[in-house]
file final_24.pdb (PDB, C-alpha atoms, pLDDT in the B column)
ATOM      1  CA  MET A  78     -22.193 -90.935 -72.285  1.00 37.00           C
ATOM      2  CA  SER A  79     -20.322 -87.956 -73.672  1.00 35.00           C
ATOM      3  CA  PRO A  80     -16.557 -87.882 -72.999  1.00 37.00           C
ATOM      4  CA  LEU A  81     -16.991 -84.401 -71.505  1.00 36.00           C
ATOM      5  CA  PHE A  82     -19.500 -85.662 -68.935  1.00 37.00           C
ATOM      6  CA  ILE A  83     -17.901 -86.203 -65.550  1.00 37.00           C
ATOM      7  CA  PRO A  84     -20.248 -88.006 -63.150  1.00 44.00           C
ATOM      8  CA  LYS A  85     -20.663 -86.351 -59.782  1.00 57.00           C
ATOM      9  CA  MET A  86     -19.288 -88.451 -56.958  1.00 57.00           C
ATOM     10  CA  ASN A  87     -21.879 -90.234 -54.883  1.00 81.00           C
ATOM     11  CA  GLN A  88     -21.412 -88.007 -51.842  1.00 88.00           C
ATOM     12  CA  GLU A  89     -24.156 -89.707 -49.821  1.00 90.00           C
ATOM     13  CA  LYS A  90     -22.449 -93.075 -50.203  1.00 90.00           C
ATOM     14  CA  VAL A  91     -19.150 -91.582 -49.003  1.00 92.00           C
ATOM     15  CA  LYS A  92     -20.924 -90.051 -45.987  1.00 94.00           C
ATOM     16  CA  ILE A  93     -22.515 -93.411 -45.115  1.00 94.00           C
ATOM     17  CA  LEU A  94     -19.203 -95.285 -45.444  1.00 94.00           C
ATOM     18  CA  LEU A  95     -17.455 -92.655 -43.321  1.00 95.00           C
ATOM     19  CA  GLN A  96     -20.128 -92.872 -40.622  1.00 96.00           C
ATOM     20  CA  GLU A  97     -19.872 -96.687 -40.594  1.00 95.00           C
ATOM     21  CA  ALA A  98     -16.115 -96.412 -40.006  1.00 96.00           C
ATOM     22  CA  LEU A  99     -16.579 -93.841 -37.228  1.00 96.00           C
ATOM     23  CA  ASP A 100     -19.265 -95.984 -35.566  1.00 96.00           C
ATOM     24  CA  GLU A 101     -16.699 -98.763 -35.082  1.00 96.00           C
ATOM     25  CA  ASN A 102     -14.786 -96.556 -32.628  1.00 96.00           C
ATOM     26  CA  GLN A 103     -17.039 -94.288 -30.543  1.00 94.00           C
ATOM     27  CA  SER A 104     -14.090 -92.165 -29.375  1.00 95.00           C
ATOM     28  CA  LEU A 105     -13.640 -90.836 -32.950  1.00 96.00           C
ATOM     29  CA  TYR A 106     -15.565 -87.963 -34.484  1.00 96.00           C
ATOM     30  CA  LEU A 107     -15.722 -86.050 -37.742  1.00 96.00           C
ATOM     31  CA  ILE A 108     -14.249 -82.560 -37.894  1.00 95.00           C
ATOM     32  CA  ASP A 109     -14.650 -81.873 -41.608  1.00 94.00           C
ATOM     33  CA  LEU A 110     -15.604 -83.606 -44.853  1.00 95.00           C
ATOM     34  CA  GLN A 111     -14.886 -81.846 -48.135  1.00 93.00           C
ATOM     35  CA  PHE A 112     -15.610 -82.849 -51.708  1.00 92.00           C
ATOM     36  CA  LEU A 113     -13.085 -80.874 -53.738  1.00 90.00           C
ATOM     37  CA  ALA A 114     -12.391 -80.459 -57.440  1.00 86.00           C
ATOM     38  CA  ASN A 115     -11.154 -83.402 -59.515  1.00 84.00           C
ATOM     39  CA  GLY A 116     -12.841 -85.982 -57.297  1.00 86.00           C
ATOM     40  CA  LYS A 117     -10.699 -85.275 -54.232  1.00 91.00           C
ATOM     41  CA  ILE A 118     -12.250 -86.211 -50.894  1.00 93.00           C
ATOM     42  CA  LYS A 119     -10.708 -84.752 -47.746  1.00 95.00           C
ATOM     43  CA  VAL A 120     -11.726 -86.147 -44.369  1.00 96.00           C
ATOM     44  CA  ILE A 121     -10.504 -84.711 -41.060  1.00 96.00           C
ATOM     45  CA  VAL A 122     -11.232 -86.846 -37.999  1.00 96.00           C
ATOM     46  CA  ASP A 123     -10.178 -86.624 -34.382  1.00 95.00           C
ATOM     47  CA  GLY A 124     -10.571 -88.668 -31.233  1.00 94.00           C
ATOM     48  CA  ASP A 125     -11.258 -87.942 -27.603  1.00 93.00           C
ATOM     49  CA  SER A 126      -7.689 -89.087 -26.872  1.00 89.00           C
ATOM     50  CA  GLY A 127      -6.205 -88.203 -30.245  1.00 89.00           C
ATOM     51  CA  ILE A 128      -6.259 -90.441 -33.293  1.00 92.00           C
ATOM     52  CA  PRO A 129      -3.569 -92.945 -34.235  1.00 93.00           C
ATOM     53  CA  LEU A 130      -2.450 -93.319 -37.831  1.00 94.00           C
ATOM     54  CA  SER A 131      -3.887 -96.844 -37.869  1.00 95.00           C
ATOM     55  CA  GLU A 132      -7.391 -95.422 -37.400  1.00 96.00           C
ATOM     56  CA  CYS A 133      -6.922 -92.980 -40.299  1.00 96.00           C
ATOM     57  CA  VAL A 134      -5.841 -95.935 -42.451  1.00 96.00           C
ATOM     58  CA  ARG A 135      -8.829 -98.027 -41.329  1.00 96.00           C
ATOM     59  CA  ILE A 136     -11.291 -95.231 -42.138  1.00 96.00           C
ATOM     60  CA  SER A 137      -9.638 -94.632 -45.498  1.00 95.00           C
ATOM     61  CA  ARG A 138      -9.825 -98.322 -46.405  1.00 95.00           C
ATOM     62  CA  ASN A 139     -13.474 -98.557 -45.387  1.00 94.00           C
ATOM     63  CA  ILE A 140     -14.357 -95.769 -47.796  1.00 93.00           C
ATOM     64  CA  GLU A 141     -11.955 -96.638 -50.602  1.00 91.00           C
ATOM     65  CA  HIS A 142     -12.673-100.377 -50.717  1.00 90.00           C
ATOM     66  CA  ASN A 143     -16.409 -99.771 -50.958  1.00 89.00           C
ATOM     67  CA  LEU A 144     -16.315 -97.336 -53.873  1.00 85.00           C
ATOM     68  CA  ASP A 145     -15.895 -98.549 -57.434  1.00 79.00           C
ATOM     69  CA  ARG A 146     -13.017 -96.825 -59.206  1.00 74.00           C
ATOM     70  CA  GLU A 147     -14.559 -97.897 -62.508  1.00 74.00           C
ATOM     71  CA  GLU A 148     -17.591 -95.762 -61.708  1.00 75.00           C
ATOM     72  CA  GLU A 149     -15.898 -92.932 -59.855  1.00 75.00           C
ATOM     73  CA  ASP A 150     -12.416 -91.488 -60.177  1.00 81.00           C
ATOM     74  CA  PHE A 151     -11.390 -90.073 -56.811  1.00 86.00           C
ATOM     75  CA  SER A 152      -8.521 -89.475 -54.438  1.00 90.00           C
ATOM     76  CA  LEU A 153      -9.028 -89.789 -50.719  1.00 93.00           C
ATOM     77  CA  GLU A 154      -7.176 -88.135 -47.852  1.00 95.00           C
ATOM     78  CA  VAL A 155      -8.020 -89.018 -44.238  1.00 96.00           C
ATOM     79  CA  THR A 156      -6.106 -86.969 -41.676  1.00 95.00           C
ATOM     80  CA  SER A 157      -6.186 -85.727 -38.123  1.00 93.00           C
ATOM     81  CA  PRO A 158      -6.498 -81.999 -37.476  1.00 90.00           C
ATOM     82  CA  ASP A 159      -3.284 -80.021 -37.532  1.00 85.00           C
ATOM     83  CA  ILE A 160      -2.481 -78.240 -34.257  1.00 82.00           C
ATOM     84  CA  SER A 161      -2.641 -74.925 -36.124  1.00 84.00           C
ATOM     85  CA  HIS A 162      -6.265 -75.518 -37.162  1.00 88.00           C
ATOM     86  CA  PRO A 163      -8.945 -73.847 -35.063  1.00 94.00           C
ATOM     87  CA  LEU A 164     -11.288 -75.862 -32.881  1.00 95.00           C
ATOM     88  CA  LYS A 165     -14.599 -76.448 -34.622  1.00 92.00           C
ATOM     89  CA  ILE A 166     -16.792 -78.704 -32.543  1.00 92.00           C
ATOM     90  CA  LYS A 167     -17.664 -79.100 -28.852  1.00 94.00           C
ATOM     91  CA  ARG A 168     -15.823 -82.432 -28.471  1.00 94.00           C
ATOM     92  CA  GLN A 169     -12.587 -80.694 -29.461  1.00 95.00           C
ATOM     93  CA  TYR A 170     -13.087 -78.175 -26.670  1.00 96.00           C
ATOM     94  CA  ILE A 171     -13.764 -80.964 -24.164  1.00 95.00           C
ATOM     95  CA  LYS A 172     -10.569 -82.713 -25.267  1.00 93.00           C
ATOM     96  CA  ASN A 173      -8.612 -79.513 -24.583  1.00 95.00           C
ATOM     97  CA  ILE A 174      -9.839 -78.682 -21.061  1.00 96.00           C
ATOM     98  CA  ASP A 175      -6.950 -77.333 -18.951  1.00 96.00           C
ATOM     99  CA  ARG A 176      -4.994 -76.216 -22.018  1.00 95.00           C
ATOM    100  CA  VAL A 177      -4.334 -72.613 -22.981  1.00 96.00           C
ATOM    101  CA  LEU A 178      -6.594 -71.320 -25.756  1.00 97.00           C
ATOM    102  CA  LYS A 179      -6.416 -68.177 -27.844  1.00 97.00           C
ATOM    103  CA  VAL A 180      -9.994 -67.179 -28.638  1.00 97.00           C
ATOM    104  CA  LYS A 181     -10.992 -64.442 -31.071  1.00 97.00           C
ATOM    105  CA  THR A 182     -14.435 -62.900 -30.820  1.00 96.00           C
ATOM    106  CA  GLN A 183     -15.934 -60.002 -32.722  1.00 92.00           C
ATOM    107  CA  VAL A 184     -15.449 -57.736 -29.704  1.00 93.00           C
ATOM    108  CA  GLU A 185     -12.241 -58.903 -28.033  1.00 95.00           C
ATOM    109  CA  ASP A 186      -9.508 -61.534 -28.043  1.00 96.00           C
ATOM    110  CA  PHE A 187      -8.881 -63.727 -24.998  1.00 97.00           C
ATOM    111  CA  GLU A 188      -6.097 -66.042 -23.908  1.00 97.00           C
ATOM    112  CA  GLY A 189      -6.607 -68.315 -20.954  1.00 97.00           C
ATOM    113  CA  ILE A 190      -6.908 -71.828 -19.648  1.00 97.00           C
ATOM    114  CA  LEU A 191     -10.036 -73.619 -20.834  1.00 98.00           C
ATOM    115  CA  LYS A 192     -11.788 -74.579 -17.603  1.00 97.00           C
ATOM    116  CA  GLU A 193     -15.333 -75.435 -18.602  1.00 97.00           C
ATOM    117  CA  VAL A 194     -17.213 -76.573 -21.692  1.00 97.00           C
ATOM    118  CA  LEU A 195     -20.973 -76.149 -21.536  1.00 96.00           C
ATOM    119  CA  ASP A 196     -23.708 -76.666 -24.115  1.00 95.00           C
ATOM    120  CA  GLU A 197     -23.731 -73.003 -25.161  1.00 95.00           C
ATOM    121  CA  ALA A 198     -20.378 -71.575 -24.031  1.00 97.00           C
ATOM    122  CA  ILE A 199     -16.836 -72.143 -22.822  1.00 98.00           C
ATOM    123  CA  THR A 200     -15.134 -70.653 -19.759  1.00 98.00           C
ATOM    124  CA  LEU A 201     -11.559 -69.361 -19.790  1.00 98.00           C
ATOM    125  CA  LYS A 202      -9.533 -68.374 -16.717  1.00 97.00           C
ATOM    126  CA  TRP A 203      -6.260 -66.477 -16.458  1.00 95.00           C
ATOM    127  CA  GLU A 204      -4.239 -64.317 -14.096  1.00 93.00           C
ATOM    128  CA  ALA A 205      -3.686 -60.618 -14.692  1.00 90.00           C
ATOM    129  CA  ARG A 206      -1.679 -57.884 -12.981  1.00 90.00           C
ATOM    130  CA  GLU A 207      -3.860 -54.921 -12.075  1.00 88.00           C
ATOM    131  CA  PRO A 208      -3.433 -51.772 -10.016  1.00 88.00           C
ATOM    132  CA  LYS A 209      -4.252 -52.234  -6.339  1.00 88.00           C
ATOM    133  CA  PRO A 210      -7.628 -50.774  -5.380  1.00 86.00           C
ATOM    134  CA  ILE A 211      -5.943 -48.842  -2.565  1.00 86.00           C
ATOM    135  CA  GLY A 212      -2.372 -47.641  -2.611  1.00 84.00           C
ATOM    136  CA  LYS A 213       0.387 -47.943  -5.153  1.00 87.00           C
ATOM    137  CA  GLY A 214       1.557 -50.965  -7.086  1.00 87.00           C
ATOM    138  CA  LYS A 215      -0.121 -53.928  -8.716  1.00 89.00           C
ATOM    139  CA  HIS A 216      -1.468 -57.236  -7.545  1.00 87.00           C
ATOM    140  CA  THR A 217      -2.370 -60.477  -9.305  1.00 90.00           C
ATOM    141  CA  VAL A 218      -6.061 -61.213  -9.811  1.00 91.00           C
ATOM    142  CA  GLU A 219      -7.769 -64.221 -11.331  1.00 95.00           C
ATOM    143  CA  LYS A 220     -10.021 -63.384 -14.239  1.00 94.00           C
ATOM    144  CA  SER A 221     -12.660 -65.488 -15.941  1.00 96.00           C
ATOM    145  CA  VAL A 222     -14.903 -65.130 -18.950  1.00 97.00           C
ATOM    146  CA  SER A 223     -17.724 -67.183 -20.391  1.00 97.00           C
ATOM    147  CA  ILE A 224     -17.754 -67.053 -24.203  1.00 97.00           C
ATOM    148  CA  PRO A 225     -20.789 -68.308 -26.140  1.00 96.00           C
ATOM    149  CA  TYR A 226     -19.894 -70.519 -29.123  1.00 96.00           C
ATOM    150  CA  ALA A 227     -21.863 -68.132 -31.340  1.00 95.00           C
ATOM    151  CA  ASP A 228     -19.411 -65.327 -30.454  1.00 96.00           C
ATOM    152  CA  ILE A 229     -16.269 -67.347 -31.228  1.00 97.00           C
ATOM    153  CA  ILE A 230     -14.683 -66.454 -34.543  1.00 97.00           C
ATOM    154  CA  GLU A 231     -11.651 -68.661 -33.962  1.00 96.00           C
ATOM    155  CA  ALA A 232     -10.271 -70.711 -31.080  1.00 97.00           C
ATOM    156  CA  LYS A 233      -6.833 -72.334 -31.176  1.00 96.00           C
ATOM    157  CA  VAL A 234      -4.801 -74.298 -28.691  1.00 95.00           C
ATOM    158  CA  LYS A 235      -1.658 -72.372 -27.774  1.00 93.00           C
ATOM    159  CA  ILE A 236       1.478 -74.456 -27.947  1.00 86.00           C
ATOM    160  CA  ILE A 237       3.644 -73.990 -24.862  1.00 81.00           C
ATOM    161  CA  PHE A 238       7.191 -75.308 -24.833  1.00 80.00           C
TER     162      PHE A 238
END
call {"tool": "encode", "arguments": {"input": "final_24.pdb", "output": "structure tokens"}}
result
Amino acid sequence: MSPLFIPKMNQEKVKILLQEALDENQSLYLIDLQFLANGKIKVIVDGDSGIPLSECVRISRNIEHNLDREEEDFSLEVTSPDISHPLKIKRQYIKNIDRVLKVKTQVEDFEGILKEVLDEAITLKWEAREPKPIGKGKHTVEKSVSIPYADIIEAKVKIIF
């Protein structure tokens, strides 16, 4: 083997080991798996009720202890999603029902409370002040919108203090 030859990491084996670790706790799910330069593997996992550090460690060990460092040089990072990261999969939306979301679409941006998560769309609700239909002044109305996943460019949980 030439010293310039760098073997490509066995990505399928990593995926299998990751899935085995996730199968041990059905409340966990994969958000993202990246194979980066220099043999770096980045895994982002979440859980229906969050994910404790101990689960990140367990997943990391399951992958790391079953790969041979003699064969493959790699670094592994297993983390939970940062609150600033957008929601990517349906289970994340379900986990965040009744929280305020900021949702960007190609047409318009919305901010409201996530009330419903369906197979094809989410429903946001919010209150708005609008002019009265008759007379002067404004009144508060409840608004709602159904947004198909296909239209969502980015959806983030809004942090409220």
call {"tool": "residues_around", "arguments": {"input": "final_24.pdb", "residues": "range 164-173 of chain A", "least_positions_apart": "2", "cutoff": "7 Å", "atoms": "only C-alpha atoms", "output": "PDB file with C-alpha atoms, in the frame of the given file"}}
result
ATOM      1  CA  ILE A 108     -14.249 -82.560 -37.894  1.00 95.00           C
ATOM      2  CA  ASP A 125     -11.258 -87.942 -27.603  1.00 93.00           C
ATOM      3  CA  HIS A 162      -6.265 -75.518 -37.162  1.00 88.00           C
ATOM      4  CA  ASP A 175      -6.950 -77.333 -18.951  1.00 96.00           C
ATOM      5  CA  ARG A 176      -4.994 -76.216 -22.018  1.00 95.00           C
ATOM      6  CA  VAL A 194     -17.213 -76.573 -21.692  1.00 97.00           C
ATOM      7  CA  ALA A 232     -10.271 -70.711 -31.080  1.00 97.00           C
ATOM      8  CA  LYS A 233      -6.833 -72.334 -31.176  1.00 96.00           C
TER       9      LYS A 233
END
call {"tool": "atom_distance", "arguments": {"input": "final_24.pdb", "atom1": "CA of Thr217 in chain A", "atom2": "CA of Glu231 in chain A"}}
result
27.6 Å
call {"tool": "residues_around", "arguments": {"input": "final_24.pdb", "residues": "Val155 in chain A", "least_positions_apart": "2", "cutoff": "10 Å", "atoms": "all atoms listed in the file", "output": "number ranges by chain"}}
result
A: 110, 118-122, 130, 132-138, 140, 153, 157-158
call {"tool": "atom_distance", "arguments": {"input": "final_24.pdb", "atom1": "CA of Val222 in chain A", "atom2": "CA of Trp203 in chain A"}}
result
9.1 Å
call {"tool": "closest_residue", "arguments": {"input": "final_24.pdb", "among": "A:Lys209, A:His216, A:His142, A:Lys117", "to": "Ala98 in chain A", "atoms": "all atoms listed in the file"}}
result
A:His142
call {"tool": "atom_distance", "arguments": {"input": "final_24.pdb", "atom1": "CA of Gly127 in chain A", "atom2": "CA of Lys202 in chain A"}}
result
24.2 Å
call {"tool": "closest_residue", "arguments": {"input": "final_24.pdb", "among": "A:Arg146, A:Lys235, A:Lys90, A:Arg206", "to": "Leu191 in chain A", "atoms": "only C-alpha atoms"}}
result
A:Lys235
call {"tool": "resolve_selection", "arguments": {"input": "final_24.pdb", "expression": "the PyMOL selection byres ((chain A and resi 87) around 12)", "output": "ChimeraX atom specification"}}
result
/A:84-86,88-94,112,116,118,140,143-146,148-151
call {"tool": "resolve_selection", "arguments": {"input": "final_24.pdb", "expression": "the PyMOL selection byres ((chain A and resi 103) around 12)", "output": "JSON, numbers by chain"}}
result
{"A": [96, 97, 98, 99, 100, 101, 102, 104, 105, 106, 107, 123, 124, 125, 126, 128, 132]}
call {"tool": "closest_residue", "arguments": {"input": "final_24.pdb", "among": "A:Glu207, A:Pro225, A:Glu197, A:Ser152", "to": "Lys181 in chain A", "atoms": "all atoms listed in the file"}}
result
A:Pro225
call {"tool": "closest_residue", "arguments": {"input": "final_24.pdb", "among": "A:Ile230, A:Glu154, A:Pro129, A:Asn139", "to": "Thr182 in chain A", "atoms": "all atoms listed in the file"}}
result
A:Ile230
call {"tool": "closest_residue", "arguments": {"input": "final_24.pdb", "among": "A:Ile199, A:Ala114, A:Leu95, A:Ile174", "to": "Ile229 in chain A", "atoms": "all atoms listed in the file"}}
result
A:Ile199
call {"tool": "closest_residue", "arguments": {"input": "final_24.pdb", "among": "A:Ser221, A:Pro208, A:Leu113, A:Ile160", "to": "Glu188 in chain A", "atoms": "all atoms listed in the file"}}
result
A:Ser221
call {"tool": "decode", "arguments": {"input": "final_24.pdb", "residues": "range 119-159 of chain A", "atoms": "N, CA and C atoms", "output": "compact mmCIF listing (two decimals), in the first residue's frame"}}
result
# COMPACT_ATOMS: atom_id res chain seq x y z
N LYS A 119 -19.25 12.86 12.60
CA LYS A 119 -20.09 13.68 13.47
C LYS A 119 -21.50 13.12 13.46
N VAL A 120 -21.98 12.79 14.67
CA VAL A 120 -23.30 12.20 14.83
C VAL A 120 -24.12 13.14 15.72
N ILE A 121 -25.32 13.50 15.24
CA ILE A 121 -26.23 14.31 16.06
C ILE A 121 -27.48 13.47 16.29
N VAL A 122 -27.76 13.21 17.57
CA VAL A 122 -28.92 12.41 17.95
C VAL A 122 -29.78 13.19 18.93
N ASP A 123 -31.05 12.85 18.96
CA ASP A 123 -31.97 13.49 19.89
C ASP A 123 -32.89 12.41 20.45
N GLY A 124 -33.70 12.80 21.41
CA GLY A 124 -34.65 11.87 22.00
C GLY A 124 -35.99 12.54 22.17
N ASP A 125 -37.02 11.73 22.26
CA ASP A 125 -38.37 12.26 22.41
C ASP A 125 -38.51 13.12 23.67
N SER A 126 -37.67 12.84 24.67
CA SER A 126 -37.67 13.64 25.90
C SER A 126 -36.29 14.24 26.14
N GLY A 127 -35.59 14.55 25.07
CA GLY A 127 -34.21 15.02 25.19
C GLY A 127 -33.27 13.83 25.22
N ILE A 128 -31.98 14.11 25.33
CA ILE A 128 -31.00 13.03 25.37
C ILE A 128 -29.96 13.34 26.42
N PRO A 129 -29.81 12.46 27.41
CA PRO A 129 -28.79 12.69 28.44
C PRO A 129 -27.40 12.42 27.89
N LEU A 130 -26.42 13.03 28.52
CA LEU A 130 -25.02 12.84 28.13
C LEU A 130 -24.64 11.37 28.15
N SER A 131 -25.17 10.62 29.10
CA SER A 131 -24.83 9.20 29.21
C SER A 131 -25.20 8.43 27.94
N GLU A 132 -26.28 8.83 27.28
CA GLU A 132 -26.67 8.16 26.04
C GLU A 132 -25.72 8.51 24.89
N CYS A 133 -25.27 9.76 24.85
CA CYS A 133 -24.27 10.15 23.84
C CYS A 133 -22.99 9.32 24.03
N VAL A 134 -22.59 9.15 25.28
CA VAL A 134 -21.39 8.37 25.59
C VAL A 134 -21.60 6.92 25.18
N ARG A 135 -22.76 6.36 25.49
CA ARG A 135 -23.03 4.96 25.14
C ARG A 135 -22.99 4.74 23.63
N ILE A 136 -23.59 5.65 22.88
CA ILE A 136 -23.59 5.55 21.42
C ILE A 136 -22.17 5.66 20.89
N SER A 137 -21.43 6.62 21.41
CA SER A 137 -20.04 6.81 20.99
C SER A 137 -19.22 5.55 21.23
N ARG A 138 -19.37 4.96 22.41
CA ARG A 138 -18.60 3.75 22.74
C ARG A 138 -18.98 2.59 21.84
N ASN A 139 -20.27 2.47 21.53
CA ASN A 139 -20.70 1.37 20.67
C ASN A 139 -20.05 1.46 19.29
N ILE A 140 -19.91 2.65 18.79
CA ILE A 140 -19.26 2.82 17.48
C ILE A 140 -17.75 2.66 17.61
N GLU A 141 -17.17 3.40 18.54
CA GLU A 141 -15.71 3.45 18.67
C GLU A 141 -15.11 2.09 19.03
N HIS A 142 -15.74 1.35 19.92
CA HIS A 142 -15.17 0.08 20.37
C HIS A 142 -15.32 -1.03 19.34
N ASN A 143 -16.09 -0.78 18.30
CA ASN A 143 -16.28 -1.79 17.26
C ASN A 143 -15.60 -1.44 15.94
N LEU A 144 -14.81 -0.40 15.96
CA LEU A 144 -13.99 -0.04 14.79
C LEU A 144 -12.53 -0.23 15.18
N ASP A 145 -11.75 -0.70 14.26
CA ASP A 145 -10.33 -0.97 14.51
C ASP A 145 -9.50 0.25 14.12
N ARG A 146 -8.88 0.85 15.13
CA ARG A 146 -8.05 2.04 14.86
C ARG A 146 -6.80 1.69 14.06
N GLU A 147 -6.43 0.44 14.03
CA GLU A 147 -5.30 0.01 13.20
C GLU A 147 -5.68 0.09 11.72
N GLU A 148 -6.95 -0.18 11.44
CA GLU A 148 -7.43 -0.16 10.06
C GLU A 148 -7.89 1.23 9.64
N GLU A 149 -8.50 1.94 10.59
CA GLU A 149 -9.10 3.23 10.24
C GLU A 149 -8.75 4.27 11.30
N ASP A 150 -8.21 5.39 10.83
CA ASP A 150 -7.91 6.50 11.73
C ASP A 150 -9.12 7.44 11.68
N PHE A 151 -9.74 7.66 12.83
CA PHE A 151 -10.95 8.48 12.85
C PHE A 151 -11.08 9.20 14.17
N SER A 152 -11.89 10.26 14.16
CA SER A 152 -12.31 10.90 15.40
C SER A 152 -13.84 10.89 15.36
N LEU A 153 -14.43 10.76 16.52
CA LEU A 153 -15.87 10.60 16.60
C LEU A 153 -16.45 11.62 17.57
N GLU A 154 -17.51 12.29 17.13
CA GLU A 154 -18.22 13.24 17.97
C GLU A 154 -19.70 12.88 17.94
N VAL A 155 -20.26 12.57 19.11
CA VAL A 155 -21.69 12.28 19.24
C VAL A 155 -22.28 13.36 20.12
N THR A 156 -23.23 14.12 19.57
CA THR A 156 -23.80 15.25 20.31
C THR A 156 -25.32 15.28 20.15
N SER A 157 -25.93 16.12 20.97
CA SER A 157 -27.35 16.41 20.81
C SER A 157 -27.45 17.70 20.00
N PRO A 158 -28.61 17.95 19.39
CA PRO A 158 -28.72 19.17 18.59
C PRO A 158 -28.71 20.41 19.48
N ASP A 159 -28.03 21.41 19.00
CA ASP A 159 -27.97 22.71 19.67
C ASP A 159 -29.32 23.39 19.47
